[in-house]
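K.L.:
Structure file coords.txt, compact mmCIF, C-alpha atoms, is pasted below:
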```txt
# COMPACT_ATOMS: atom_id res chain seq x y z
CA MET V 1 -36.31 -45.11 -53.90
CA PRO V 2 -35.76 -43.79 -57.46
CA PRO V 3 -35.47 -40.01 -57.98
CA PHE V 4 -38.73 -38.13 -58.28
CA GLN V 5 -39.12 -37.05 -61.92
CA SER V 6 -39.85 -33.31 -62.12
CA ALA V 7 -42.26 -32.25 -64.87
CA PRO V 8 -40.41 -30.26 -67.60
CA SER V 9 -43.10 -27.56 -67.37
CA LEU V 10 -42.29 -27.06 -63.67
CA VAL V 11 -38.54 -27.12 -64.40
CA VAL V 12 -38.95 -24.14 -66.74
CA LEU V 13 -41.22 -22.15 -64.40
CA HIS V 14 -39.01 -22.93 -61.40
CA THR V 15 -35.81 -21.96 -63.18
CA LEU V 16 -37.33 -18.60 -64.10
CA ARG V 17 -38.47 -18.12 -60.49
CA VAL V 18 -34.95 -18.85 -59.21
CA ALA V 19 -32.93 -17.03 -61.88
CA GLY V 20 -35.24 -14.08 -62.55
CA ARG V 21 -35.21 -12.84 -66.12
CA ALA V 22 -33.11 -15.17 -68.24
CA PRO V 23 -32.27 -15.52 -71.93
CA THR V 24 -32.82 -18.88 -73.67
CA SER V 25 -29.09 -19.64 -73.63
CA THR V 26 -29.07 -19.44 -69.82
CA LEU V 27 -32.26 -21.51 -69.57
CA LEU V 28 -30.72 -24.25 -71.71
CA GLN V 29 -27.71 -24.50 -69.45
CA VAL V 30 -29.58 -24.19 -66.16
CA THR V 31 -32.55 -26.49 -66.90
CA GLY V 32 -30.54 -29.18 -68.68
CA LEU V 33 -33.56 -29.70 -70.98
CA PRO V 34 -32.99 -30.55 -74.67
CA PRO V 35 -33.43 -27.42 -76.87
CA ASN V 36 -36.62 -28.66 -78.60
CA MET V 37 -38.23 -29.56 -75.28
CA LEU V 38 -37.30 -26.19 -73.76
CA LYS V 39 -38.77 -24.39 -76.78
CA ALA V 40 -42.01 -26.40 -76.58
CA GLU V 41 -42.33 -25.64 -72.85
CA LEU V 42 -41.65 -21.92 -73.36
CA ASP V 43 -44.21 -21.78 -76.22
CA ALA V 44 -46.80 -23.51 -74.04
CA ALA V 45 -46.07 -21.19 -71.10
CA ASP V 46 -46.28 -18.21 -73.44
CA ALA V 47 -49.70 -19.36 -74.70
CA ALA V 48 -50.86 -19.92 -71.10
CA GLY V 49 -49.74 -16.41 -70.13
CA THR V 50 -47.32 -17.62 -67.42
CA VAL V 51 -44.15 -16.40 -69.16
CA ALA V 52 -43.37 -13.10 -70.90
CA HIS V 53 -40.54 -12.25 -73.29
CA HIS V 54 -38.65 -8.99 -72.99
CA ASN V 55 -36.26 -7.04 -75.15
CA GLY V 56 -34.38 -3.93 -74.09
CA LEU V 57 -31.98 -3.43 -71.21
CA VAL V 58 -32.49 -6.85 -69.61
CA PRO V 59 -33.55 -9.22 -72.42
CA GLY V 60 -34.99 -12.66 -71.77
CA CYS V 61 -37.99 -14.53 -70.38
CA SER V 62 -39.57 -14.03 -66.99
CA LEU V 63 -42.64 -15.19 -65.08
CA THR V 64 -45.75 -13.05 -65.32
CA PRO V 65 -47.70 -12.38 -62.08
CA SER V 66 -50.02 -15.28 -62.94
CA GLY V 67 -46.95 -17.36 -63.78
CA ARG V 68 -45.58 -16.73 -60.29
CA SER V 69 -48.75 -17.93 -58.59
CA HIS V 70 -49.03 -20.87 -61.01
CA HIS V 71 -45.44 -21.80 -60.14
CA ILE V 72 -46.18 -21.77 -56.40
CA ASP V 73 -49.14 -24.13 -56.95
CA ARG V 74 -47.14 -26.52 -59.17
CA LEU V 75 -44.25 -26.50 -56.69
CA ASP V 76 -46.67 -27.34 -53.85
CA ASP V 77 -47.97 -30.22 -56.01
CA GLU V 78 -44.43 -31.49 -56.54
CA ARG V 79 -43.60 -31.20 -52.84
CA ARG V 80 -46.59 -33.39 -51.94
CA ALA V 81 -46.06 -35.89 -54.78
CA ALA V 82 -42.30 -36.24 -54.29
CA ASP V 83 -42.38 -36.50 -50.48
CA ARG V 84 -38.61 -35.95 -50.24
CA GLU V 85 -38.46 -33.28 -47.57
CA THR V 86 -35.92 -35.24 -45.48
CA GLU V 87 -33.42 -35.41 -48.36
CA ILE V 88 -34.00 -31.80 -49.44
CA LEU V 89 -33.65 -30.58 -45.86
CA ALA V 90 -30.38 -32.54 -45.51
CA GLY V 91 -29.08 -30.82 -48.67
CA TYR V 92 -30.16 -27.45 -47.35
CA ASP V 93 -28.39 -28.08 -44.04
CA ASP V 94 -25.24 -29.09 -45.96
CA LEU V 95 -25.33 -25.84 -47.95
CA VAL V 96 -25.97 -23.63 -44.92
CA ALA V 97 -23.13 -25.39 -43.05
CA MET V 98 -20.72 -24.42 -45.87
CA ASN V 99 -22.24 -21.01 -46.60
CA ASP V 100 -20.04 -18.86 -44.33
CA TRP V 101 -16.92 -20.70 -45.47
CA PHE V 102 -17.82 -20.12 -49.12
CA LYS V 103 -18.71 -16.43 -48.71
CA SER V 104 -15.42 -15.84 -46.85
CA LEU V 105 -13.50 -17.59 -49.61
CA CYS V 106 -15.27 -15.43 -52.23
CA THR V 107 -14.42 -12.29 -50.25
CA GLU V 108 -10.76 -13.30 -49.96
CA TRP V 109 -10.67 -13.99 -53.72
CA GLN V 110 -11.96 -10.48 -54.39
CA LEU V 111 -9.94 -8.54 -51.83
CA GLN V 112 -6.61 -10.26 -52.49
CA ASP V 113 -6.71 -10.01 -56.27
CA HIS V 114 -7.64 -13.58 -57.18
CA PRO V 115 -5.00 -15.67 -55.37
CA ARG V 116 -4.46 -19.16 -56.76
CA SER V 117 -4.75 -20.56 -53.22
CA CYS V 118 -8.49 -19.72 -53.22
CA VAL V 119 -9.04 -21.99 -56.24
CA GLU V 120 -7.05 -24.73 -54.51
CA ARG V 121 -9.15 -24.44 -51.36
CA LEU V 122 -12.35 -24.43 -53.41
CA GLN V 123 -11.14 -27.54 -55.19
CA GLU V 124 -10.48 -29.28 -51.87
CA ARG V 125 -14.01 -28.60 -50.66
CA HIS V 126 -15.62 -29.17 -54.06
CA ARG V 127 -16.15 -32.90 -53.45
CA HIS V 128 -18.47 -32.05 -50.55
CA VAL V 129 -20.37 -29.61 -52.77
CA ASP V 130 -20.51 -32.23 -55.51
CA ALA V 131 -21.77 -34.91 -53.09
CA MET V 132 -24.47 -32.52 -51.81
CA ALA V 133 -25.61 -31.71 -55.37
CA ARG V 134 -25.67 -35.37 -56.40
CA ARG V 135 -27.69 -36.38 -53.34
CA LEU V 136 -30.26 -33.70 -54.20
CA GLY V 137 -30.41 -34.96 -57.81
CA ARG V 138 -31.09 -38.48 -56.49
CA ALA V 139 -34.08 -37.07 -54.55
CA ILE V 140 -35.67 -34.86 -57.23
CA THR V 141 -34.41 -34.86 -60.82
CA ARG V 142 -34.55 -31.11 -61.40
CA PHE V 143 -31.55 -30.76 -59.03
CA ASN V 144 -29.44 -32.87 -61.42
CA PRO V 145 -27.81 -30.02 -63.39
CA TYR V 146 -26.25 -28.42 -60.28
CA ALA V 147 -23.39 -30.93 -59.99
CA ALA V 148 -22.31 -30.29 -63.60
CA ARG V 149 -22.73 -26.52 -63.20
CA PHE V 150 -20.45 -26.45 -60.12
CA GLU V 151 -17.97 -28.71 -61.93
CA CYS V 152 -18.02 -26.46 -65.02
CA ALA V 153 -17.28 -23.34 -62.94
CA LEU V 154 -14.42 -25.11 -61.14
CA GLU V 155 -12.96 -26.38 -64.41
CA ARG V 156 -13.03 -22.84 -65.83
CA LEU V 157 -11.18 -21.61 -62.72
CA ARG V 158 -8.62 -24.39 -63.05
CA THR V 159 -7.94 -23.27 -66.61
CA GLY V 160 -7.51 -19.62 -65.66
CA ASP V 161 -10.96 -18.08 -66.24
CA SER V 162 -11.15 -15.66 -63.32
CA ASP V 163 -14.80 -14.80 -64.09
CA ALA V 164 -15.86 -18.24 -62.89
CA PHE V 165 -15.46 -17.54 -59.14
CA THR V 166 -17.69 -14.61 -58.16
CA THR V 167 -18.73 -12.75 -61.33
CA PRO V 168 -22.52 -12.34 -61.41
CA LEU V 169 -24.59 -13.72 -64.33
CA ALA V 170 -21.52 -15.52 -65.66
CA GLY V 171 -22.15 -19.12 -64.60
CA SER V 172 -19.69 -18.53 -61.76
CA TYR V 173 -19.42 -20.85 -58.76
CA HIS V 174 -21.02 -18.05 -56.72
CA ASP V 175 -23.91 -17.80 -59.23
CA VAL V 176 -24.58 -21.54 -58.99
CA TRP V 177 -24.32 -21.39 -55.19
CA MET V 178 -26.87 -18.55 -55.00
CA HIS V 179 -29.20 -20.40 -57.36
CA LEU V 180 -29.04 -23.57 -55.29
CA HIS V 181 -29.61 -21.65 -52.05
CA GLU V 182 -32.68 -19.91 -53.50
CA ASP V 183 -33.89 -23.17 -55.07
CA LEU V 184 -33.72 -25.03 -51.75
CA LEU V 185 -35.59 -22.26 -49.89
CA LEU V 186 -38.35 -22.34 -52.54
CA THR V 187 -38.45 -26.13 -52.64
CA LEU V 188 -38.84 -26.29 -48.86
CA GLY V 189 -41.42 -23.49 -48.97
CA ARG V 190 -39.32 -21.30 -46.70
CA GLU V 191 -38.67 -17.61 -46.55
CA ARG V 192 -35.10 -16.39 -46.24
CA SER V 193 -34.20 -15.94 -42.56
CA PRO V 194 -31.21 -14.30 -40.84
CA THR V 195 -29.67 -17.75 -40.25
CA ASP V 196 -29.64 -18.32 -44.02
CA GLY V 197 -27.20 -15.46 -44.34
CA ALA V 198 -27.60 -12.68 -46.87
CA MET K 1 -27.45 9.80 -61.03
CA SER K 2 -28.31 6.13 -61.40
CA LEU K 3 -30.71 3.54 -60.02
CA VAL K 4 -30.14 2.26 -56.49
CA GLY K 5 -31.30 -1.24 -55.53
CA ILE K 6 -32.76 -1.35 -52.02
CA THR K 7 -33.81 -4.75 -50.65
CA SER K 8 -33.88 -6.91 -47.51
CA ALA K 9 -31.43 -9.38 -49.08
CA THR K 10 -30.24 -10.12 -52.59
CA SER K 11 -31.32 -13.18 -54.56
CA PRO K 12 -30.29 -14.51 -57.98
CA SER K 13 -33.19 -12.66 -59.64
CA TRP K 14 -32.03 -9.42 -57.98
CA ASN K 15 -28.64 -9.91 -59.58
CA THR K 16 -30.19 -9.63 -63.07
CA LEU K 17 -31.19 -6.06 -62.13
CA LEU K 18 -28.10 -5.18 -60.11
CA VAL K 19 -25.86 -5.32 -63.15
CA HIS K 20 -27.69 -2.13 -64.24
CA ALA K 21 -27.73 -0.44 -60.80
CA GLY K 22 -25.41 2.30 -59.62
CA ALA K 23 -25.47 1.25 -55.95
CA LEU K 24 -26.88 -1.40 -53.62
CA VAL K 25 -28.44 -1.12 -50.16
CA THR K 26 -29.57 -4.16 -48.15
CA ALA K 27 -31.22 -4.45 -44.75
CA ASN K 28 -29.51 -7.74 -43.91
CA GLY K 29 -26.01 -9.11 -44.23
CA GLY K 30 -22.51 -7.83 -43.65
CA LEU K 31 -19.15 -7.42 -45.34
CA VAL K 32 -19.01 -11.16 -45.97
CA SER K 33 -22.39 -11.76 -47.61
CA HIS K 34 -23.65 -12.74 -51.04
CA ALA K 35 -24.80 -9.14 -51.52
CA ALA K 36 -21.35 -7.78 -50.66
CA VAL K 37 -19.66 -10.31 -52.94
CA THR K 38 -21.95 -9.31 -55.82
CA ALA K 39 -21.58 -5.54 -55.32
CA ARG K 40 -17.79 -5.85 -55.02
CA ASP K 41 -17.62 -7.80 -58.25
CA LEU K 42 -19.79 -5.27 -60.07
CA GLY K 43 -17.69 -2.45 -58.66
CA ILE K 44 -20.69 -0.56 -57.30
CA PRO K 45 -20.90 1.21 -53.92
CA ALA K 46 -22.96 -0.67 -51.36
CA VAL K 47 -24.27 -0.33 -47.84
CA ILE K 48 -24.95 -3.86 -46.59
CA GLY K 49 -26.88 -4.37 -43.36
CA ASP K 50 -28.84 -1.14 -42.83
CA PRO K 51 -31.90 -2.52 -41.00
CA THR K 52 -33.90 0.69 -41.42
CA ALA K 53 -33.33 1.14 -45.15
CA CYS K 54 -36.50 -0.57 -46.40
CA ARG K 55 -38.64 1.36 -43.87
CA ARG K 56 -37.09 4.76 -44.46
CA LEU K 57 -36.76 4.79 -48.21
CA ARG K 58 -39.44 4.67 -50.86
CA THR K 59 -39.40 4.05 -54.59
CA GLY K 60 -38.64 7.36 -56.28
CA ASN K 61 -36.60 8.87 -53.43
CA VAL K 62 -33.35 10.48 -54.48
CA VAL K 63 -30.66 9.10 -52.17
CA THR K 64 -26.97 9.41 -51.50
CA VAL K 65 -25.21 6.11 -50.81
CA ASP K 66 -22.03 6.59 -48.81
CA PRO K 67 -20.29 3.24 -48.36
CA VAL K 68 -17.46 4.72 -46.31
CA GLN K 69 -19.82 6.07 -43.65
CA ALA K 70 -22.21 3.13 -44.22
CA ALA K 71 -24.95 5.73 -44.66
CA VAL K 72 -27.92 6.02 -47.00
CA ILE K 73 -29.48 9.45 -46.93
CA ALA K 74 -32.66 10.53 -48.70
CA VAL K 75 -31.89 13.93 -50.24
CA ARG K 76 -35.30 14.26 -51.89
CA GLU K 77 -38.45 12.37 -50.96
```
Written as structure tokens, that's how I'd like the structure from this file.

P.N.:
Amino acid sequence: MPPFQSAPSLVVLHTLRVAGRAPTSTLLQVTGLPPNMLKAELDAADAAGTVAHHNGLVPGCSLTPSGRSHHIDRLDDERRAADRETEILAGYDDLVAMNDWFKSLCTEWQLQDHPRSCVERLQERHRHVDAMARRLGRAITRFNPYAARFECALERLRTGDSDAFTTPLAGSYHDVWMHLHEDLLLTLGRERSPTDGA
Amino acid sequence: MSLVGITSATSPSWNTLLVHAGALVTANGGLVSHAAVTARDLGIPAVIGDPTACRRLRTGNVVTVDPVQAAVIAVRE
């Protein structure tokens, strides 16, 4: 079965729901949409009142209250139309199975002053993460950018960028992991539970 | 004095606010949790896994966050 093609309008709303307030540069990277398409979608969402732009302390776009409810409806539509719950659930189970391992590795990285061995162990397990991300992308297209985002963070770590492991809002491996976790919970229509970890 | 983020669990959208917070309190999680990883990286004090925090504390309370004692105390309600 070919991947279900997510509507670009949903991709933008969903990314803002997952990421919270985000500047355009982040949206470009996270959605994987071409710049002109992203701009058209943001303009349309702006006109529809589903997205608001902010300056100040935390600049960027975010969903308005009506945007949040519109997103839930569109995501429900996609869930019914795509009918890929089995594949998404398998991806979710894969992530949860690796979640404790990953959080422990992040903690060790932080507490032991960024040991090289943590990058090596992440690299060893990365192929499982990559396979999980690619399987999800083969189910629903809006999961496609995750594989490249994980790869990008790992490549930065390999080349000595220590912000790419756990630093928040930096495109770190931990950022991408948290996004995917939240994305899967939303996609499955689930609330976070104690077994998901915190 | 600075803003304190109090939540059941952190999420990516919470992280956009946490970078401006002075401390973090969560109801769920432990020392090895996404919330702990984020707070540690931001270098802010955190109490992770205080199940009563969301019930006891209200927006606008002035609180002391003591990560050593794992205590969050409302000093002014």

K.L.:
Should the cut-off be 10 Å, what would the residue list for chain K against chain V look like, counting all atoms listed in the file, as a PyMOL selection string?

P.N.:
chain K and resi 8-20+26-42+48-49

K.L.:
Go ahead and dump the residues you just picked, C-alpha atoms, as a CSV table (one decimal), keeping the file's coordinate frame.

P.N.:
```csv
chain,number,residue,atom,x,y,z
K,8,SER,CA,-33.9,-6.9,-47.5
K,9,ALA,CA,-31.4,-9.4,-49.1
K,10,THR,CA,-30.2,-10.1,-52.6
K,11,SER,CA,-31.3,-13.2,-54.6
K,12,PRO,CA,-30.3,-14.5,-58.0
K,13,SER,CA,-33.2,-12.7,-59.6
K,14,TRP,CA,-32.0,-9.4,-58.0
K,15,ASN,CA,-28.6,-9.9,-59.6
K,16,THR,CA,-30.2,-9.6,-63.1
K,17,LEU,CA,-31.2,-6.1,-62.1
K,18,LEU,CA,-28.1,-5.2,-60.1
K,19,VAL,CA,-25.9,-5.3,-63.2
K,20,HIS,CA,-27.7,-2.1,-64.2
K,26,THR,CA,-29.6,-4.2,-48.2
K,27,ALA,CA,-31.2,-4.4,-44.8
K,28,ASN,CA,-29.5,-7.7,-43.9
K,29,GLY,CA,-26.0,-9.1,-44.2
K,30,GLY,CA,-22.5,-7.8,-43.6
K,31,LEU,CA,-19.2,-7.4,-45.3
K,32,VAL,CA,-19.0,-11.2,-46.0
K,33,SER,CA,-22.4,-11.8,-47.6
K,34,HIS,CA,-23.6,-12.7,-51.0
K,35,ALA,CA,-24.8,-9.1,-51.5
K,36,ALA,CA,-21.4,-7.8,-50.7
K,37,VAL,CA,-19.7,-10.3,-52.9
K,38,THR,CA,-22.0,-9.3,-55.8
K,39,ALA,CA,-21.6,-5.5,-55.3
K,40,ARG,CA,-17.8,-5.8,-55.0
K,41,ASP,CA,-17.6,-7.8,-58.2
K,42,LEU,CA,-19.8,-5.3,-60.1
K,48,ILE,CA,-25.0,-3.9,-46.6
K,49,GLY,CA,-26.9,-4.4,-43.4
```

K.L.:
Could you tell me how far CA of Arg134 in chain V lies from CA of Tyr146 in chain V, in Å and to one decimal?

P.N.:
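Result for CA of Arg134 in chain V versus CA of Tyr146 in chain V: 8.0 Å, one decimal.
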
K.L.:
For a cut-off of 12 Å around (-32.9, -32.5, -58.7), file coordinates, pick out all residues using only C-alpha atoms and list them as number ranges by chain.

P.N.:
V: 2-8, 10-11, 14-15, 30-32, 78, 82, 84, 87-88, 91, 132-148, 180, 183-184, 187

K.L.:
I need the residues from that last selection saved to file as a compact mmCIF listing (two decimals), in the frame of the given file (with C-alpha atoms), if you can.

P.N.:
```txt
# COMPACT_ATOMS: atom_id res chain seq x y z
CA PRO V 2 -35.76 -43.79 -57.46
CA PRO V 3 -35.47 -40.01 -57.98
CA PHE V 4 -38.73 -38.13 -58.28
CA GLN V 5 -39.12 -37.05 -61.92
CA SER V 6 -39.85 -33.31 -62.12
CA ALA V 7 -42.26 -32.25 -64.87
CA PRO V 8 -40.41 -30.26 -67.60
CA LEU V 10 -42.29 -27.06 -63.67
CA VAL V 11 -38.54 -27.12 -64.40
CA HIS V 14 -39.01 -22.93 -61.40
CA THR V 15 -35.81 -21.96 -63.18
CA VAL V 30 -29.58 -24.19 -66.16
CA THR V 31 -32.55 -26.49 -66.90
CA GLY V 32 -30.54 -29.18 -68.68
CA GLU V 78 -44.43 -31.49 -56.54
CA ALA V 82 -42.30 -36.24 -54.29
CA ARG V 84 -38.61 -35.95 -50.24
CA GLU V 87 -33.42 -35.41 -48.36
CA ILE V 88 -34.00 -31.80 -49.44
CA GLY V 91 -29.08 -30.82 -48.67
CA MET V 132 -24.47 -32.52 -51.81
CA ALA V 133 -25.61 -31.71 -55.37
CA ARG V 134 -25.67 -35.37 -56.40
CA ARG V 135 -27.69 -36.38 -53.34
CA LEU V 136 -30.26 -33.70 -54.20
CA GLY V 137 -30.41 -34.96 -57.81
CA ARG V 138 -31.09 -38.48 -56.49
CA ALA V 139 -34.08 -37.07 -54.55
CA ILE V 140 -35.67 -34.86 -57.23
CA THR V 141 -34.41 -34.86 -60.82
CA ARG V 142 -34.55 -31.11 -61.40
CA PHE V 143 -31.55 -30.76 -59.03
CA ASN V 144 -29.44 -32.87 -61.42
CA PRO V 145 -27.81 -30.02 -63.39
CA TYR V 146 -26.25 -28.42 -60.28
CA ALA V 147 -23.39 -30.93 -59.99
CA ALA V 148 -22.31 -30.29 -63.60
CA LEU V 180 -29.04 -23.57 -55.29
CA ASP V 183 -33.89 -23.17 -55.07
CA LEU V 184 -33.72 -25.03 -51.75
CA THR V 187 -38.45 -26.13 -52.64
```

K.L.:
CA of Asp46 in chain V to CA of Pro23 in chain V: how many Å, to one decimal?

P.N.:
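Separation of CA of Asp46 in chain V and CA of Pro23 in chain V: 14.3 Å.
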
K.L.:
Choose the residue, out of V:Ala81, V:Leu154, V:Cys118, V:Leu75, that has the smallest atom-to-atom separation from Leu185 in chain V; count only C-alpha atoms.

P.N.:
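Closest to Leu185 in chain V, using only C-alpha atoms: V:Leu75.
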
K.L.:
CA of Arg149 in chain V and CA of Gly171 in chain V, how far apart in Å?

P.N.:
7.6 Å

K.L.:
Taking all atoms of range 2-11 of chain K that appear in the file, build a box with edges along x, y and z, extend it by 8 Å on every side, and state its centre and edge lengths in Å to one decimal, as AutoDock Vina command-line options.

P.N.:
```
--center_x -31.1 --center_y -3.5 --center_z -54.5 --size_x 21.6 --size_y 35.3 --size_z 29.9
```

K.L.:
Could you name the residues that touch Gln69 in chain K at 12 Å or less, counting all atoms listed in the file, but leaving out those on the same chain fewer than 4 positions away, as a list in words?

P.N.:
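So, after excluding close chain neighbours, the residues are Pro45, Ala46, Val47, Ile48, Asp50, Thr64, Val65 and Ile73 of chain K.
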
K.L.:
Any idea what's packed within 9 Å of range 50-52 of chain V, counting all atoms listed in the file, ignoring anything in its chain fewer than 3 positions away? Could you give it as an MDAnalysis selection string?

P.N.:
chainID V and resid 13 16 42:47 60:71

K.L.:
So, counting only C-alpha atoms, which residue among K:Val4, K:Ile44, K:Ala21, K:Pro51 is closest to Val63 in chain K?

P.N.:
K:Val4

K.L.:
Of the candidates V:Gln112, V:Thr86, V:Ser9, V:Ser117, which one gets nearest to Ala40 in chain V if we count only C-alpha atoms?

P.N.:
V:Ser9

K.L.:
Given the choices V:Met1, V:Met98, V:His114, V:Arg156, which gets closest to His128 in chain V if the distance is worked out from only C-alpha atoms?

P.N.:
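Closest residue, counting only C-alpha atoms: V:Met98.
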
K.L.:
Which one is closest to Leu122 in chain V: V:Val96, V:Cys152, V:Pro34, V:Phe165? Count only C-alpha atoms.

P.N.:
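Looking at the shortest contact to Leu122 in chain V, the residue is V:Phe165.
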
K.L.:
Once all heavy atoms are restored for range 129-137 of chain V, what would the output be as a compact mmCIF listing (two decimals), keeping the file's coordinate frame?

P.N.:
```txt
# COMPACT_ATOMS: atom_id res chain seq x y z
N VAL V 129 -19.33 -30.31 -52.01
CA VAL V 129 -20.37 -29.61 -52.77
C VAL V 129 -20.97 -30.56 -53.80
O VAL V 129 -22.19 -30.67 -53.97
CB VAL V 129 -19.79 -28.35 -53.45
CG1 VAL V 129 -20.85 -27.65 -54.31
CG2 VAL V 129 -19.22 -27.39 -52.41
N ASP V 130 -20.08 -31.28 -54.48
CA ASP V 130 -20.51 -32.23 -55.51
C ASP V 130 -21.40 -33.32 -54.90
O ASP V 130 -22.45 -33.66 -55.46
CB ASP V 130 -19.26 -32.86 -56.15
CG ASP V 130 -19.61 -33.82 -57.26
OD1 ASP V 130 -20.16 -33.35 -58.29
OD2 ASP V 130 -19.37 -35.02 -57.11
N ALA V 131 -20.98 -33.85 -53.74
CA ALA V 131 -21.77 -34.91 -53.09
C ALA V 131 -23.15 -34.39 -52.70
O ALA V 131 -24.16 -35.08 -52.88
CB ALA V 131 -21.02 -35.43 -51.87
N MET V 132 -23.19 -33.15 -52.18
CA MET V 132 -24.47 -32.52 -51.81
C MET V 132 -25.38 -32.42 -53.05
O MET V 132 -26.56 -32.79 -53.01
CB MET V 132 -24.21 -31.14 -51.22
CG MET V 132 -25.42 -30.23 -51.14
SD MET V 132 -24.98 -28.56 -50.60
CE MET V 132 -24.05 -27.94 -52.00
N ALA V 133 -24.82 -31.90 -54.15
CA ALA V 133 -25.61 -31.71 -55.37
C ALA V 133 -26.11 -33.04 -55.92
O ALA V 133 -27.26 -33.15 -56.36
CB ALA V 133 -24.78 -30.96 -56.42
N ARG V 134 -25.27 -34.06 -55.87
CA ARG V 134 -25.67 -35.37 -56.40
C ARG V 134 -26.75 -36.02 -55.54
O ARG V 134 -27.67 -36.67 -56.06
CB ARG V 134 -24.46 -36.29 -56.53
CG ARG V 134 -23.58 -35.91 -57.70
CD ARG V 134 -22.32 -36.76 -57.79
NE ARG V 134 -21.39 -36.16 -58.72
CZ ARG V 134 -21.49 -36.26 -60.05
NH1 ARG V 134 -22.47 -36.97 -60.59
NH2 ARG V 134 -20.62 -35.66 -60.83
N ARG V 135 -26.64 -35.83 -54.22
CA ARG V 135 -27.69 -36.38 -53.34
C ARG V 135 -29.05 -35.72 -53.64
O ARG V 135 -30.07 -36.39 -53.66
CB ARG V 135 -27.33 -36.15 -51.86
CG ARG V 135 -26.43 -37.24 -51.28
CD ARG V 135 -26.45 -37.21 -49.76
NE ARG V 135 -25.99 -35.94 -49.21
CZ ARG V 135 -24.71 -35.64 -49.00
NH1 ARG V 135 -23.77 -36.52 -49.28
NH2 ARG V 135 -24.37 -34.47 -48.50
N LEU V 136 -29.01 -34.41 -53.88
CA LEU V 136 -30.26 -33.70 -54.20
C LEU V 136 -30.84 -34.21 -55.52
O LEU V 136 -32.05 -34.39 -55.65
CB LEU V 136 -30.01 -32.19 -54.26
CG LEU V 136 -29.80 -31.51 -52.91
CD1 LEU V 136 -29.21 -30.12 -53.08
CD2 LEU V 136 -31.12 -31.43 -52.13
N GLY V 137 -29.97 -34.45 -56.51
CA GLY V 137 -30.41 -34.96 -57.81
C GLY V 137 -31.00 -36.37 -57.69
O GLY V 137 -31.87 -36.74 -58.48
```
